[in-house]
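> Sharing query_34.txt here; it has compact mmCIF, C-alpha atoms.
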```txt
# COMPACT_ATOMS: atom_id res chain seq x y z
CA MET A 27 68.99 61.96 149.82
CA SER A 28 67.19 58.72 150.52
CA TYR A 29 63.93 57.96 148.81
CA THR A 30 61.73 55.33 150.39
CA ILE A 31 58.47 53.74 149.36
CA LYS A 32 56.84 55.35 152.40
CA HIS A 33 58.11 58.77 151.26
CA ALA A 34 56.73 58.20 147.75
CA HIS A 35 53.40 56.99 149.14
CA GLU A 36 53.06 60.10 151.31
CA LYS A 37 53.58 62.36 148.28
CA LEU A 38 50.86 60.55 146.36
CA LYS A 39 48.29 61.52 148.99
CA GLY A 40 48.64 65.16 147.89
CA GLU A 41 46.45 67.14 145.58
CA PRO A 42 46.24 66.05 141.94
CA MET A 43 48.81 67.69 139.70
CA LEU A 44 47.06 66.87 136.40
CA GLU A 45 43.47 65.79 135.90
CA VAL A 46 41.86 64.79 132.63
CA ARG A 47 38.08 64.56 132.90
CA ASP A 48 35.88 62.99 130.21
CA VAL A 49 37.98 64.39 127.36
CA VAL A 50 36.71 63.73 123.85
CA LYS A 51 38.37 64.49 120.52
CA LYS A 52 36.78 63.61 117.19
CA PHE A 53 38.19 63.80 113.70
CA GLY A 54 35.15 63.61 111.45
CA GLY A 55 33.31 60.46 112.49
CA LEU A 56 36.32 58.98 114.29
CA ARG A 57 36.55 59.38 118.06
CA ALA A 58 40.31 59.41 118.61
CA VAL A 59 39.82 60.05 122.35
CA ASP A 60 36.51 59.00 123.91
CA LYS A 61 35.68 60.24 127.43
CA CYS A 62 39.22 59.77 128.73
CA SER A 63 39.67 60.43 132.46
CA PHE A 64 42.63 60.03 134.81
CA THR A 65 44.45 61.79 137.62
CA ILE A 66 48.20 62.18 138.11
CA ARG A 67 49.40 63.16 141.57
CA GLU A 68 52.65 64.95 142.36
CA GLY A 69 55.56 62.54 142.80
CA SER A 70 54.01 59.75 140.76
CA ILE A 71 55.52 58.07 137.74
CA THR A 72 52.82 57.48 135.16
CA GLY A 73 52.90 55.64 131.85
CA LEU A 74 50.43 55.62 128.99
CA ILE A 75 50.45 52.50 126.88
CA GLY A 76 48.30 51.22 124.07
CA PRO A 77 48.42 49.93 120.51
CA ASN A 78 49.02 52.11 117.46
CA GLY A 79 45.95 54.20 116.75
CA ALA A 80 44.65 54.08 120.33
CA GLY A 81 44.77 57.89 120.70
CA LYS A 82 47.88 58.29 122.87
CA THR A 83 49.46 61.02 120.73
CA THR A 84 46.13 62.80 120.35
CA LEU A 85 45.72 62.76 124.12
CA PHE A 86 49.21 64.22 124.61
CA ASN A 87 48.41 66.91 122.03
CA LEU A 88 45.20 67.76 123.89
CA ILE A 89 46.96 68.05 127.25
CA ALA A 90 49.84 70.07 125.74
CA GLY A 91 47.52 72.50 123.96
CA ALA A 92 48.34 71.53 120.38
CA LEU A 93 44.70 70.44 119.94
CA LYS A 94 41.49 71.58 121.62
CA PRO A 95 39.15 68.90 122.98
CA ASP A 96 35.59 68.70 121.67
CA SER A 97 34.43 68.23 125.26
CA GLY A 98 35.79 67.48 128.70
CA ARG A 99 38.21 69.33 130.96
CA ILE A 100 41.94 69.36 131.67
CA LEU A 101 43.05 70.70 135.04
CA LEU A 102 46.57 71.60 136.11
CA ASP A 103 47.03 72.08 139.85
CA GLY A 104 43.26 72.38 140.17
CA LYS A 105 42.94 75.15 137.55
CA ASP A 106 41.14 74.62 134.26
CA VAL A 107 43.63 74.81 131.36
CA THR A 108 41.38 73.19 128.75
CA GLY A 109 42.20 74.45 125.27
CA LEU A 110 44.97 76.84 126.31
CA PRO A 111 47.71 77.18 123.67
CA PRO A 112 51.15 75.67 124.32
CA HIS A 113 52.83 79.01 125.14
CA GLU A 114 50.31 79.71 127.91
CA LEU A 115 50.71 76.18 129.29
CA PHE A 116 54.49 76.64 129.25
CA SER A 117 54.13 79.66 131.53
CA LYS A 118 52.18 77.37 133.89
CA LYS A 119 55.06 74.86 133.77
CA LEU A 120 53.34 72.33 131.50
CA LEU A 121 55.18 71.50 128.31
CA ARG A 122 55.60 68.66 125.94
CA THR A 123 58.92 67.21 124.90
CA PHE A 124 59.39 64.81 122.06
CA GLN A 125 60.97 61.41 122.21
CA ILE A 126 64.50 61.23 120.89
CA ALA A 127 65.13 57.86 119.29
CA HIS A 128 68.66 57.81 120.68
CA GLU A 129 70.55 59.65 123.36
CA PHE A 130 73.73 61.58 122.71
CA HIS A 131 75.71 58.40 122.03
CA THR A 132 79.13 59.95 122.67
CA LEU A 133 78.11 61.02 126.20
CA SER A 134 77.80 58.88 129.30
CA VAL A 135 74.46 58.21 131.01
CA ARG A 136 75.33 60.85 133.63
CA GLU A 137 76.30 63.41 130.98
CA ASN A 138 73.06 62.76 129.10
CA LEU A 139 71.08 63.50 132.27
CA MET A 140 73.07 66.67 132.83
CA MET A 141 71.98 67.97 129.40
CA VAL A 142 68.34 68.14 130.47
CA PRO A 143 68.03 71.32 132.63
CA PRO A 144 67.09 74.36 130.52
CA ARG A 145 68.69 77.82 130.64
CA GLN A 146 72.06 76.70 131.93
CA VAL A 147 74.45 79.61 132.48
CA GLY A 148 77.11 77.95 130.32
CA GLU A 149 74.80 77.56 127.30
CA SER A 150 75.86 80.93 125.96
CA LEU A 151 79.42 81.75 124.98
CA LEU A 152 79.28 84.93 127.05
CA GLY A 153 77.97 83.07 130.11
CA ALA A 154 80.55 80.31 129.78
CA TRP A 155 83.37 82.86 129.45
CA CYS A 156 82.35 85.62 131.87
CA ARG A 157 80.48 83.70 134.55
CA ARG A 158 82.75 80.72 135.14
CA GLY A 159 82.02 80.63 138.89
CA ALA A 160 78.27 80.58 138.29
CA VAL A 161 78.71 77.85 135.65
CA ARG A 162 80.75 75.71 138.07
CA ILE A 163 78.20 76.10 140.90
CA GLN A 164 75.28 75.31 138.58
CA GLU A 165 77.06 72.27 137.12
CA GLU A 166 77.71 70.92 140.63
CA LYS A 167 73.98 71.21 141.41
CA ILE A 168 73.04 69.57 138.12
CA LEU A 169 75.55 66.77 138.75
CA GLU A 170 74.04 66.14 142.19
CA LYS A 171 70.52 66.02 140.69
CA ALA A 172 71.72 63.60 137.99
CA ARG A 173 73.16 61.36 140.73
CA GLU A 174 69.84 61.47 142.62
CA VAL A 175 67.92 60.49 139.48
CA MET A 176 70.34 57.63 138.71
CA ASP A 177 70.12 56.39 142.32
CA PHE A 178 66.31 56.61 142.28
CA LEU A 179 66.22 54.57 139.06
CA ASN A 180 68.95 52.19 140.27
CA LEU A 181 71.21 53.28 137.39
CA GLY A 182 74.19 54.53 139.42
CA HIS A 183 76.35 51.67 138.19
CA LEU A 184 75.85 52.89 134.60
CA ALA A 185 76.89 56.51 135.25
CA HIS A 186 80.05 56.35 133.14
CA GLU A 187 78.74 54.17 130.32
```
Now that the file is in, can you turn its structure into C-alpha cells?


Amino acid sequence: MSYTIKHAHEKLKGEPMLEVRDVVKKFGGLRAVDKCSFTIREGSITGLIGPNGAGKTTLFNLIAGALKPDSGRILLDGKDVTGLPPHELFSKKLLRTFQIAHEFHTLSVRENLMMVPPRQVGESLLGAWCRRGAVRIQEEKILEKAREVMDFLNLGHLAHE
C-alpha cells in the first residue's frame, strides 16, 4: 500500500473525528483546563505538548471519561460524549492507553508492533492450541499491518532491531 501526502490531505478534509469545544476543568480555584478547543480529523497525527502542569493529563482524562468537565463539550464522530464514563466510551471505540516507559526490550520493533492488536486468537491457550489455522491467518494480517506502519513511519530498516 502506498501512502502519499495527497492521500493524507484528502483524508483530512473529512468530518472531524474528535472535537473538544471550550472545555473547562477546575480543581478548587485552579483552572487546570481553561476553554480548551481543538478538532482532530480522521487520518491525522496529532500531538499535545506543553510544560509540566499545563493540563495535558487532565485534558486526556476529560476526553477519556475519567473526569467530567465543568463546562464545554466533547464530540466523537459528531455525537456528544461529554462526561460519559470510560466503559461507555470504549464501546464507542474511544479509549485511553498509558505510556509504557520502555518497549518489550527482548522483542524486535516489528514484534513490538505486532503485540498491539487486542483479542488475538492466540492469546488464549485454547485458541493457540485448537485454532492454529486462525492464529496463522491473523498473525499474517497483523504482520502486514506492522509492515505498513513501519513503512509509513520510515522505520522499515529497524524491523529486526

> List as a PyMOL selection string the residues having at least one atom at most 12 Å from position (77.8, 65.7, 138.0) as given in the file, counting all atoms listed in the file.

chain A and resi 134-141+162-176+182+185-186

> Identify, on the basis of all atoms listed in the file, every residue whose closest approach to A:Ala80 does not exceed 9 Å; exclude the query and any residue fewer than 5 positions from it along the same chain; express the result as an mmCIF file with C-alpha atoms, in the coordinates of the input.


```cif
data_model
loop_
_atom_site.group_PDB
_atom_site.id
_atom_site.type_symbol
_atom_site.label_atom_id
_atom_site.label_comp_id
_atom_site.auth_asym_id
_atom_site.auth_seq_id
_atom_site.Cartn_x
_atom_site.Cartn_y
_atom_site.Cartn_z
ATOM 1 C CA ALA A 58 40.310 59.410 118.610
ATOM 2 C CA VAL A 59 39.820 60.050 122.350
ATOM 3 C CA ILE A 75 50.450 52.500 126.880
#
```

> Just how far from atom CA of A:Leu120 is atom CA of A:Arg47, in Å to one decimal?

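Atom CA of A:Leu120 lies 17.2 Å from atom CA of A:Arg47.
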
> Measuring atom to atom with all atoms listed in the file, identify which of A:Ser70, A:Lys105, A:Arg122, A:Lys61 is nearest to A:Thr83.

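Smallest separation from A:Thr83 among the options: A:Arg122.
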
> For atom CA of A:Leu101 and atom CA of A:Gly81, quote the distance in Å rounded to one decimal.

19.3 Å

> Mind working out the centre and edge lengths of an axis-aligned box for stretch 48-61 of chain A, all listed atoms inside, 4 Å added to each side, rounded to one decimal in Å and written as JSON?


```
{"center_x": 36.8, "center_y": 61.7, "center_z": 120.8, "size_x": 15.0, "size_y": 13.5, "size_z": 26.8}
```

> What is the atom CA of A:Ala92 to atom CA of A:Gly54 distance in Å?

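Atom-to-atom, atom CA of A:Ala92 to atom CA of A:Gly54, that is 17.8 Å.
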
> Counting all atoms listed in the file, what is within 12 Å of A:Phe64, bar same-chain residues fewer than 5 positions away, as a PDB file with C-alpha atoms, keeping the file's coordinate frame?


```pdb
ATOM      1  CA  PRO A  42      46.240  66.050 141.940  1.00  0.00           C
ATOM      2  CA  MET A  43      48.810  67.690 139.700  1.00  0.00           C
ATOM      3  CA  LEU A  44      47.060  66.870 136.400  1.00  0.00           C
ATOM      4  CA  GLU A  45      43.470  65.790 135.900  1.00  0.00           C
ATOM      5  CA  VAL A  46      41.860  64.790 132.630  1.00  0.00           C
ATOM      6  CA  ARG A  47      38.080  64.560 132.900  1.00  0.00           C
ATOM      7  CA  ASP A  48      35.880  62.990 130.210  1.00  0.00           C
ATOM      8  CA  VAL A  49      37.980  64.390 127.360  1.00  0.00           C
ATOM      9  CA  THR A  72      52.820  57.480 135.160  1.00  0.00           C
ATOM     10  CA  GLY A  73      52.900  55.640 131.850  1.00  0.00           C
ATOM     11  CA  LEU A  74      50.430  55.620 128.990  1.00  0.00           C
ATOM     12  CA  LEU A  85      45.720  62.760 124.120  1.00  0.00           C
ATOM     13  CA  ILE A  89      46.960  68.050 127.250  1.00  0.00           C
ATOM     14  CA  GLY A  98      35.790  67.480 128.700  1.00  0.00           C
ATOM     15  CA  ARG A  99      38.210  69.330 130.960  1.00  0.00           C
ATOM     16  CA  ILE A 100      41.940  69.360 131.670  1.00  0.00           C
ATOM     17  CA  LEU A 101      43.050  70.700 135.040  1.00  0.00           C
TER      18      LEU A 101
END
```

> Give the answer as one residue: which of A:Val50, A:Gly159, A:Gly104, A:Gly91 has the shortest atom-to-atom distance to A:Leu121, using only C-alpha atoms?

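Looking only at the distances to A:Leu121, the closest residue turns out to be A:Gly91.
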